[in-house]
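*Asks:* Contents are PDB, C-alpha atoms; file name upload-v2.pdb:
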```pdb
MODEL        1
ATOM      1  CA  MET A   1     108.440  94.330-111.770
ATOM      2  CA  LEU A   2     105.903  96.919-112.800
ATOM      3  CA  PRO A   3     102.235  96.267-111.988
ATOM      4  CA  SER A   4     100.129  95.170-114.952
ATOM      5  CA  SER A   5      97.154  97.213-116.160
ATOM      6  CA  ASN A   6      95.003  94.144-115.463
ATOM      7  CA  ASP A   7      96.267  93.814-111.915
ATOM      8  CA  PRO A   8      93.346  94.376-109.522
ATOM      9  CA  ALA A   9      95.748  96.160-107.267
ATOM     10  CA  THR A  10      96.302  98.856-109.857
ATOM     11  CA  PRO A  11      94.248 101.883-108.821
ATOM     12  CA  ALA A  12      91.717 103.299-111.336
ATOM     13  CA  PRO A  13      92.543 106.771-112.654
ATOM     14  CA  HIS A  14      90.736 109.620-111.014
ATOM     15  CA  PRO A  15      88.277 111.521-113.243
ATOM     16  CA  MET A  16      90.014 114.782-112.475
ATOM     17  CA  ASN A  17      93.425 113.306-113.158
ATOM     18  CA  PRO A  18      93.199 111.374-116.456
ATOM     19  CA  PRO A  19      96.080 109.213-117.501
ATOM     20  CA  ALA A  20      98.818 110.502-119.744
ATOM     21  CA  PRO A  21      98.188 110.357-123.451
ATOM     22  CA  ALA A  22      99.251 107.158-125.084
ATOM     23  CA  GLY A  23     102.303 107.043-127.219
ATOM     24  CA  PRO A  24     102.252 106.463-130.913
ATOM     25  CA  GLY A  25     100.635 103.124-131.816
ATOM     26  CA  GLU A  26      99.391 102.493-128.305
ATOM     27  CA  PRO A  27      95.704 102.316-127.386
ATOM     28  CA  SER A  28      94.453 105.290-125.572
ATOM     29  CA  ASP A  29      93.104 104.671-122.109
ATOM     30  CA  MET A  30      90.924 107.757-122.582
ATOM     31  CA  SER A  31      89.195 106.311-125.658
ATOM     32  CA  ALA A  32      88.702 102.891-124.176
ATOM     33  CA  LYS A  33      88.767 102.177-120.494
ATOM     34  CA  TYR A  34      88.316 105.667-119.164
ATOM     35  CA  TYR A  35      85.641 106.656-121.689
ATOM     36  CA  VAL A  36      83.577 103.542-121.093
ATOM     37  CA  HIS A  37      83.914 103.871-117.368
ATOM     38  CA  HIS A  38      82.842 107.500-117.462
ATOM     39  CA  HIS A  39      79.776 106.962-119.643
ATOM     40  CA  HIS A  40      78.707 103.866-117.729
ATOM     41  CA  HIS A  41      77.903 106.058-114.774
ATOM     42  CA  HIS A  42      76.010 108.632-116.850
ATOM     43  CA  ALA A  43      73.909 106.446-119.319
ATOM     44  CA  PRO A  44      70.182 107.231-119.135
ATOM     45  CA  SER A  45      68.155 104.592-117.318
ATOM     46  CA  ALA A  46      64.910 102.945-118.582
ATOM     47  CA  ARG A  47      61.633 104.661-117.663
ATOM     48  CA  PRO A  48      60.875 103.363-114.177
ATOM     49  CA  TRP A  49      57.051 103.665-114.529
ATOM     50  CA  THR A  50      56.580 101.414-117.604
ATOM     51  CA  SER A  51      56.349  98.166-115.629
ATOM     52  CA  SER A  52      55.080  99.546-112.373
ATOM     53  CA  PRO A  53      51.891  98.095-110.786
ATOM     54  CA  TYR A  54      50.227 101.503-111.124
ATOM     55  CA  ARG A  55      50.806 101.556-114.869
ATOM     56  CA  ARG A  56      49.436  97.985-115.285
ATOM     57  CA  ARG A  57      46.322  98.887-113.325
ATOM     58  CA  ARG A  58      45.733 101.924-115.535
ATOM     59  CA  ILE A  59      45.790  99.677-118.637
ATOM     60  CA  ALA A  60      43.784  96.742-117.231
ATOM     61  CA  ALA A  61      40.922  98.707-115.672
ATOM     62  CA  PRO A  62      39.457 100.117-118.940
ATOM     63  CA  LEU A  63      39.782  96.704-120.647
ATOM     64  CA  ILE A  64      37.898  94.955-117.853
ATOM     65  CA  LEU A  65      35.227  97.673-117.875
ATOM     66  CA  ALA A  66      34.787  97.343-121.662
ATOM     67  CA  ALA A  67      34.479  93.540-121.431
ATOM     68  CA  LEU A  68      31.861  93.771-118.682
ATOM     69  CA  THR A  69      29.899  96.363-120.691
ATOM     70  CA  GLY A  70      29.929  94.071-123.760
ATOM     71  CA  LEU A  71      28.717  91.070-121.752
ATOM     72  CA  LEU A  72      25.938  93.155-120.219
ATOM     73  CA  TYR A  73      24.821  94.289-123.713
ATOM     74  CA  LEU A  74      24.743  90.720-125.038
ATOM     75  CA  TRP A  75      22.801  89.552-121.990
ATOM     76  CA  ILE A  76      20.157  92.284-122.408
ATOM     77  CA  CYS A  77      19.956  92.656-126.203
ATOM     78  CA  GLY A  78      21.249  89.373-127.554
ATOM     79  CA  ALA A  79      23.812  88.900-130.282
ATOM     80  CA  PRO A  80      23.686  91.461-133.126
ATOM     81  CA  SER A  81      22.473  90.365-136.545
ATOM     82  CA  PHE A  82      25.919  90.419-138.129
ATOM     83  CA  PHE A  83      26.857  87.480-135.901
ATOM     84  CA  SER A  84      24.114  85.305-137.439
ATOM     85  CA  LEU A  85      25.040  82.453-139.743
ATOM     86  CA  SER A  86      24.828  82.851-143.487
ATOM     87  CA  PRO A  87      22.186  80.752-145.309
ATOM     88  CA  ALA A  88      24.892  78.375-146.527
ATOM     89  CA  LEU A  89      26.153  77.831-143.003
ATOM     90  CA  LYS A  90      22.603  77.418-141.751
ATOM     91  CA  ASP A  91      22.119  74.662-144.284
ATOM     92  CA  ALA A  92      25.366  73.106-143.092
ATOM     93  CA  GLU A  93      24.171  73.389-139.497
ATOM     94  CA  HIS A  94      20.823  71.729-140.323
ATOM     95  CA  GLY A  95      22.792  69.152-142.255
ATOM     96  CA  ASP A  96      24.718  68.247-139.091
ATOM     97  CA  LEU A  97      27.981  69.177-140.764
ATOM     98  CA  TRP A  98      29.693  69.447-137.422
ATOM     99  CA  ASN A  99      28.242  66.550-135.531
ATOM    100  CA  SER A 100      30.321  63.453-135.269
ATOM    101  CA  ALA A 101      27.999  61.195-137.240
ATOM    102  CA  GLY A 102      27.401  63.654-140.064
ATOM    103  CA  SER A 103      31.066  64.569-140.447
ATOM    104  CA  SER A 104      32.287  60.976-140.685
ATOM    105  CA  PRO A 105      32.274  59.154-144.045
ATOM    106  CA  ALA A 106      29.744  56.614-142.757
ATOM    107  CA  GLY A 107      27.523  59.409-141.464
ATOM    108  CA  ARG A 108      27.587  61.238-144.783
ATOM    109  CA  VAL A 109      26.675  58.033-146.645
ATOM    110  CA  ALA A 110      23.787  57.429-144.217
ATOM    111  CA  GLN A 111      22.528  60.971-144.759
ATOM    112  CA  ALA A 112      22.818  60.712-148.534
ATOM    113  CA  LYS A 113      20.873  57.434-148.697
ATOM    114  CA  PRO A 114      17.121  58.154-148.801
ATOM    115  CA  GLN A 115      14.888  56.683-146.116
ATOM    116  CA  LEU A 116      11.823  55.493-147.996
ATOM    117  CA  ALA A 117       8.569  54.030-146.721
ATOM    118  CA  GLY A 118       8.131  50.315-147.318
ATOM    119  CA  GLN A 119      11.846  49.663-147.726
ATOM    120  CA  GLY A 120      14.516  48.222-145.439
ATOM    121  CA  ALA A 121      14.136  49.321-141.847
ATOM    122  CA  TYR A 122      10.940  51.181-142.840
ATOM    123  CA  ALA A 123       9.146  48.239-144.441
ATOM    124  CA  ASP A 124       6.203  48.637-142.042
ATOM    125  CA  VAL A 125       5.816  52.367-142.675
ATOM    126  CA  ARG A 126       3.332  53.588-145.283
ATOM    127  CA  GLU A 127       3.981  56.912-146.953
ATOM    128  CA  ILE A 128       0.354  57.936-146.524
ATOM    129  CA  ASP A 129       0.741  57.560-142.749
ATOM    130  CA  ALA A 130       3.910  59.629-142.895
ATOM    131  CA  LEU A 131       2.078  62.324-144.860
ATOM    132  CA  LEU A 132      -0.745  62.388-142.301
ATOM    133  CA  HIS A 133       1.829  62.603-139.509
ATOM    134  CA  PHE A 134       3.333  65.647-141.225
ATOM    135  CA  ILE A 135      -0.068  67.324-141.664
ATOM    136  CA  TYR A 136      -1.482  66.657-138.207
ATOM    137  CA  ASN A 137       1.594  66.727-135.993
ATOM    138  CA  GLN A 138       3.614  69.502-137.625
ATOM    139  CA  THR A 139       0.805  71.941-138.197
ATOM    140  CA  ASP A 140       3.115  74.933-138.599
ATOM    141  CA  ARG A 141       5.181  73.327-141.361
ATOM    142  CA  ARG A 142       4.634  73.295-145.120
ATOM    143  CA  LEU A 143       6.365  71.379-147.890
ATOM    144  CA  ASP A 144       7.035  74.692-149.672
ATOM    145  CA  GLU A 145       7.620  76.867-146.611
ATOM    146  CA  ASP A 146      11.110  78.083-147.497
ATOM    147  CA  GLY A 147      10.797  79.559-150.973
ATOM    148  CA  GLY A 148       9.471  76.358-152.523
ATOM    149  CA  THR A 149      11.523  74.055-150.286
ATOM    150  CA  ILE A 150      11.284  72.754-146.741
ATOM    151  CA  ARG A 151      14.083  72.878-144.189
ATOM    152  CA  VAL A 152      14.666  69.363-142.876
ATOM    153  CA  GLU A 153      16.771  68.280-139.928
ATOM    154  CA  ALA A 154      19.958  66.530-141.168
ATOM    155  CA  LEU A 155      19.155  67.321-144.812
ATOM    156  CA  GLY A 156      18.936  71.113-145.052
ATOM    157  CA  SER A 157      16.596  72.663-147.635
ATOM    158  CA  VAL A 158      14.757  70.016-149.668
ATOM    159  CA  HIS A 159      12.616  70.451-152.757
ATOM    160  CA  VAL A 160       9.727  67.973-152.568
ATOM    161  CA  ASP A 161       8.841  66.282-155.840
ATOM    162  CA  GLY A 162       5.573  64.508-155.116
ATOM    163  CA  THR A 163       5.809  62.378-158.254
ATOM    164  CA  ALA A 164       8.621  60.328-156.648
ATOM    165  CA  PRO A 165       8.788  58.653-153.224
ATOM    166  CA  VAL A 166       9.543  61.253-150.570
ATOM    167  CA  ASP A 167      12.254  60.741-147.967
ATOM    168  CA  LEU A 168      10.598  59.962-144.627
ATOM    169  CA  ARG A 169      12.792  62.587-142.966
ATOM    170  CA  VAL A 170      10.840  65.236-144.871
ATOM    171  CA  TYR A 171       7.624  64.111-143.176
ATOM    172  CA  ALA A 172       9.414  64.342-139.813
ATOM    173  CA  ALA A 173      11.196  67.599-140.637
ATOM    174  CA  ASN A 174      11.835  68.395-136.969
ATOM    175  CA  GLY A 175      13.989  65.298-136.522
ATOM    176  CA  ASP A 176      11.672  62.887-134.642
ATOM    177  CA  TYR A 177      11.998  59.597-136.560
ATOM    178  CA  ASN A 178      10.109  57.247-134.227
ATOM    179  CA  TRP A 179       7.950  55.890-137.047
ATOM    180  CA  ALA A 180       6.634  52.935-135.062
ATOM    181  CA  GLN A 181       5.047  55.378-132.627
ATOM    182  CA  HIS A 182       3.971  57.836-135.334
ATOM    183  CA  THR A 183       2.163  55.245-137.469
ATOM    184  CA  LYS A 184       0.458  53.690-134.451
ATOM    185  CA  ARG A 185      -0.831  57.085-133.390
ATOM    186  CA  ILE A 186      -1.986  58.079-136.891
ATOM    187  CA  ARG A 187      -3.880  54.827-137.472
ATOM    188  CA  SER A 188      -5.506  55.106-134.059
ATOM    189  CA  LEU A 189      -6.553  58.780-134.185
ATOM    190  CA  TYR A 190      -7.270  59.243-137.884
ATOM    191  CA  PRO A 191      -8.834  56.065-139.296
ATOM    192  CA  LEU A 192     -11.084  58.016-141.685
ATOM    193  CA  VAL A 193      -9.653  61.015-143.533
ATOM    194  CA  VAL A 194     -11.227  63.083-146.291
ATOM    195  CA  PHE A 195      -8.990  65.206-148.502
ATOM    196  CA  SER A 196     -11.322  67.891-149.716
ATOM    197  CA  LYS A 197     -11.609  71.439-151.032
ATOM    198  CA  THR A 198     -13.528  74.399-149.717
ATOM    199  CA  TYR A 199     -15.400  76.884-151.866
ATOM    200  CA  CYS A 200     -13.950  80.391-152.205
ATOM    201  CA  PRO A 201     -15.818  82.638-154.675
ATOM    202  CA  TYR A 202     -13.244  85.424-154.295
ATOM    203  CA  VAL A 203     -10.516  83.130-155.589
ATOM    204  CA  GLU A 204     -12.657  81.683-158.356
ATOM    205  CA  LEU A 205     -13.516  85.139-159.715
ATOM    206  CA  SER A 206      -9.830  85.635-160.570
ATOM    207  CA  ILE A 207      -9.260  82.387-162.501
ATOM    208  CA  SER A 208     -10.182  81.228-165.965
ATOM    209  CA  THR A 209     -13.611  79.792-166.792
ATOM    210  CA  SER A 210     -12.312  76.233-167.214
ATOM    211  CA  LEU A 211     -10.471  76.325-163.902
ATOM    212  CA  ARG A 212     -13.514  77.848-162.233
ATOM    213  CA  ARG A 213     -15.687  75.013-163.472
ATOM    214  CA  PHE A 214     -13.160  72.454-162.242
ATOM    215  CA  ALA A 215     -12.965  74.130-158.837
ATOM    216  CA  ASP A 216     -16.756  74.226-158.592
ATOM    217  CA  HIS A 217     -16.903  70.549-159.597
ATOM    218  CA  SER A 218     -14.392  69.602-156.870
ATOM    219  CA  HIS A 219     -16.242  71.747-154.346
ATOM    220  CA  ARG A 220     -19.660  70.259-155.111
ATOM    221  CA  TYR A 221     -18.424  66.690-154.950
ATOM    222  CA  SER A 222     -16.470  67.389-151.767
ATOM    223  CA  GLN A 223     -19.559  68.867-150.166
ATOM    224  CA  LYS A 224     -21.700  65.877-151.149
ATOM    225  CA  ALA A 225     -19.202  63.377-149.708
ATOM    226  CA  LYS A 226     -18.811  65.277-146.428
ATOM    227  CA  ALA A 227     -22.579  65.665-146.090
ATOM    228  CA  LEU A 228     -23.166  61.934-146.504
ATOM    229  CA  LEU A 229     -20.522  60.970-143.943
ATOM    230  CA  GLU A 230     -21.957  63.534-141.519
ATOM    231  CA  ALA A 231     -25.395  61.967-141.894
ATOM    232  CA  TYR A 232     -24.006  58.641-140.681
ATOM    233  CA  GLU A 233     -22.997  60.279-137.344
ATOM    234  CA  ILE A 234     -19.750  58.347-137.215
ATOM    235  CA  SER A 235     -17.605  58.032-134.109
ATOM    236  CA  PRO A 236     -14.760  58.819-134.267
ATOM    237  CA  ALA A 237     -15.684  61.548-136.715
ATOM    238  CA  PRO A 238     -13.821  61.745-140.029
ATOM    239  CA  LYS A 239     -10.905  64.157-140.253
ATOM    240  CA  ILE A 240     -11.181  66.721-143.031
ATOM    241  CA  ILE A 241      -8.131  68.173-144.770
ATOM    242  CA  GLU A 242      -8.927  71.104-147.039
ATOM    243  CA  VAL A 243      -6.004  71.074-149.443
ATOM    244  CA  ASN A 244      -6.856  74.361-151.155
ATOM    245  CA  VAL A 245      -6.237  76.374-147.987
ATOM    246  CA  ARG A 246      -2.644  75.112-147.736
ATOM    247  CA  SER A 247       0.219  76.603-149.745
ATOM    248  CA  ASP A 248       1.550  73.072-150.319
ATOM    249  CA  GLY A 249      -1.870  71.741-151.396
ATOM    250  CA  PRO A 250      -0.730  70.982-154.966
ATOM    251  CA  GLN A 251       2.218  68.971-153.660
ATOM    252  CA  ILE A 252      -0.056  67.036-151.304
ATOM    253  CA  GLN A 253      -2.420  66.227-154.152
ATOM    254  CA  THR A 254       0.505  65.015-156.258
ATOM    255  CA  ILE A 255       1.640  62.723-153.439
ATOM    256  CA  LEU A 256      -1.922  61.452-152.961
ATOM    257  CA  SER A 257      -2.203  60.718-156.672
ATOM    258  CA  ARG A 258       0.948  58.601-156.521
ATOM    259  CA  VAL A 259       0.267  56.680-153.294
ATOM    260  CA  THR A 260      -3.525  56.203-153.662
ATOM    261  CA  GLY A 261      -3.970  56.173-157.427
ATOM    262  CA  ARG A 262      -6.543  58.964-157.244
ATOM    263  CA  SER A 263      -5.650  62.445-158.502
ATOM    264  CA  THR A 264      -8.848  64.350-157.674
ATOM    265  CA  VAL A 265     -10.656  65.373-154.514
ATOM    266  CA  PRO A 266     -12.542  64.365-152.554
ATOM    267  CA  ASN A 267     -10.233  61.487-151.762
ATOM    268  CA  ILE A 268     -11.572  59.383-148.895
ATOM    269  CA  LEU A 269      -9.072  57.267-146.950
ATOM    270  CA  LEU A 270     -10.227  54.437-144.698
ATOM    271  CA  LYS A 271      -7.314  53.312-142.533
ATOM    272  CA  GLY A 272      -4.861  54.699-145.058
ATOM    273  CA  LYS A 273      -6.466  53.195-148.166
ATOM    274  CA  SER A 274      -8.539  55.188-150.627
ATOM    275  CA  ILE A 275     -12.120  54.031-151.096
ATOM    276  CA  GLY A 276     -12.622  56.626-153.834
ATOM    277  CA  GLY A 277     -14.396  59.950-154.031
ATOM    278  CA  SER A 278     -17.958  61.145-153.786
ATOM    279  CA  ASP A 279     -19.314  58.896-156.534
ATOM    280  CA  GLU A 280     -17.743  55.761-155.036
ATOM    281  CA  LEU A 281     -18.923  56.702-151.545
ATOM    282  CA  HIS A 282     -22.514  57.185-152.720
ATOM    283  CA  ARG A 283     -22.411  53.940-154.672
ATOM    284  CA  ILE A 284     -21.359  51.983-151.542
ATOM    285  CA  HIS A 285     -24.055  53.802-149.577
ATOM    286  CA  ASN A 286     -26.795  53.061-152.139
ATOM    287  CA  GLU A 287     -25.766  49.404-152.158
ATOM    288  CA  GLY A 288     -26.376  49.347-148.398
ATOM    289  CA  GLN A 289     -22.748  48.469-147.653
ATOM    290  CA  LEU A 290     -21.335  51.688-146.200
ATOM    291  CA  LYS A 291     -22.638  51.235-142.655
ATOM    292  CA  LYS A 292     -21.278  47.694-142.505
ATOM    293  CA  LEU A 293     -17.938  48.819-143.948
ATOM    294  CA  LEU A 294     -17.593  51.473-141.296
ATOM    295  CA  GLU A 295     -18.620  49.180-138.414
ATOM    296  CA  ASP A 296     -16.255  46.439-139.608
ATOM    297  CA  ASN A 297     -13.427  48.956-139.320
ATOM    298  CA  GLY A 298     -14.198  49.875-135.725
ATOM    299  CA  PHE A 299     -16.533  52.869-136.142
ATOM    300  CA  THR A 300     -19.719  53.437-134.211
ATOM    301  CA  VAL A 301     -22.499  54.424-136.608
ATOM    302  CA  ASN A 302     -25.466  56.243-135.101
ATOM    303  CA  GLY A 303     -27.105  57.588-138.265
ATOM    304  CA  ASN A 304     -29.018  55.779-140.963
ATOM    305  CA  PRO A 305     -29.411  58.039-143.985
ATOM    306  CA  PRO A 306     -31.787  56.834-146.680
ATOM    307  CA  THR A 307     -30.497  55.380-149.909
ATOM    308  CA  SER A 308     -31.476  56.653-153.306
ATOM    309  CA  THR A 309     -32.635  54.492-156.156
TER     310      THR A 309
ENDMDL
END
```
Could you take the file, read its structure, and then write that structure out as structure tokens?
*Replies:*
Amino acid sequence: MLPSSNDPATPAPHPMNPPAPAGPGEPSDMSAKYYVHHHHHHAPSARPWTSSPYRRRRIAAPLILAALTGLLYLWICGAPSFFSLSPALKDAEHGDLWNSAGSSPAGRVAQAKPQLAGQGAYADVREIDALLHFIYNQTDRRLDEDGGTIRVEALGSVHVDGTAPVDLRVYAANGDYNWAQHTKRIRSLYPLVVFSKTYCPYVELSISTSLRRFADHSHRYSQKAKALLEAYEISPAPKIIEVNVRSDGPQIQTILSRVTGRSTVPNILLKGKSIGGSDELHRIHNEGQLKKLLEDNGFTVNGNPPTST
């Protein structure tokens, strides 16, 4: 029996002594087995340095150096301006778009519902106290600070229409809503407030005659009211708010007109309630009732200005 070509005992042909050519119709050992065997030993190998530790170190070292350089730049110089949020995203950030309460349906409903003085959970809060809190405790803020709007925590940019009740969150634009503490502090520190106007001749020279007369009228009456209160030597002294030196003065006057019923200045508030302007103040004084009114409301009165007949 002849040995089979698949028999492991059959010796492989020597390269220098190739097998005889195949007969007609028979597969050639040269084109199959011998050719594959020959080229198997001479196929080019993969580049040995592509996965070597040396090659990996050459790639990693510049990347690590670049990352460390970038971190050092950010630490020294801060983030570049092109990384800052767009105005729309800033509004979304101030609107707590990403916090859990603001992003939930209940949170969005709570944010959309206005928080108004004298209503619901804020029944004991007066808007005038909230306004005074805004003026005296957020001295760097204005109702028109951001191009006619104010940026409010949890609300974004808000346009304040003084003719309608203002959301209490506007008066606490920085996000501190402890109104029980705020109102207690305001009523304790500022029991007597005078909304007034100063006199500025340089401004009045640039306005119309009718407006100049009105400004002079407001100034003269404001001066008379402040002079009379000063003569009483009241302790604690009245707090004076000059609305014409504030950019949001017109908005404040509109709010005062709505909550106190008085649209002009001076507007004198005793424990949050308007007692009128200069004419009303002088009338109470001439009736001999102003000193008693002040003492009944906790003031120490050291002066005794004369009345006029």
*Asks:* Would you compute the distance between CA of Arg246 in chain A and CA of Trp179 in chain A? Give it in Å to one decimal.
*Replies:*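 Distance between the two atoms: 24.4 Å.
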*Asks:* Dig up all the protein and nucleic acid residues within 10 Å of (5.3, 66.4, -143.2) in the file frame, using only C-alpha atoms, and format them as a ChimeraX atom specification.
*Replies:* /A:129-143,150,152,166,168-174,252
*Asks:* If we count all atoms listed in the file and set the cut-off at 12 Å, which residues sit around range 221-236 of chain A, ignoring sequence neighbours fewer than 3 positions away in its own chain? Please answer as a PyMOL selection string.
*Replies:* chain A and resi 188-199+214-218+239-244+264-268+275-286+290-295+297-308
*Asks:* Would you kindly return, as a ChimeraX atom specification, each protein, DNA or RNA residue with an atom no farther than 6 Å from any atom of Gly162 in chain A, considering all atoms listed in the file and excluding same-chain residues fewer than 4 positions away?
*Replies:* /A:251,254-255
*Asks:* What does the distance between CA of Pro238 in chain A and CA of Gly272 in chain A come to in Å, to one decimal place?
*Replies:*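 Distance reported for this atom pair: 12.5 Å.
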*Asks:* Which is closer to Ala164 in chain A than all the others in A:Val259, A:Ala121, A:Leu74, A:Ala67, using all atoms listed in the file?
*Replies:*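 Nearest candidate to Ala164 in chain A out of A:Val259, A:Ala121, A:Leu74, A:Ala67: A:Val259.
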*Asks:* Between CA of Thr183 in chain A and CA of Ala123 in chain A, what is the distance, to one decimal in Å?
*Replies:*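 It comes out at 12.1 Å.
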*Asks:* The centre and edge lengths of an axis-aligned box containing all atoms of range 121-134 of chain A present in the file, extended by 4 Å on each side, are to be given in Å to one decimal, as AutoDock Vina command-line options.
*Replies:*
```
--center_x 6.7 --center_y 56.9 --center_z -143.2 --size_x 22.9 --size_y 25.4 --size_z 15.4
```
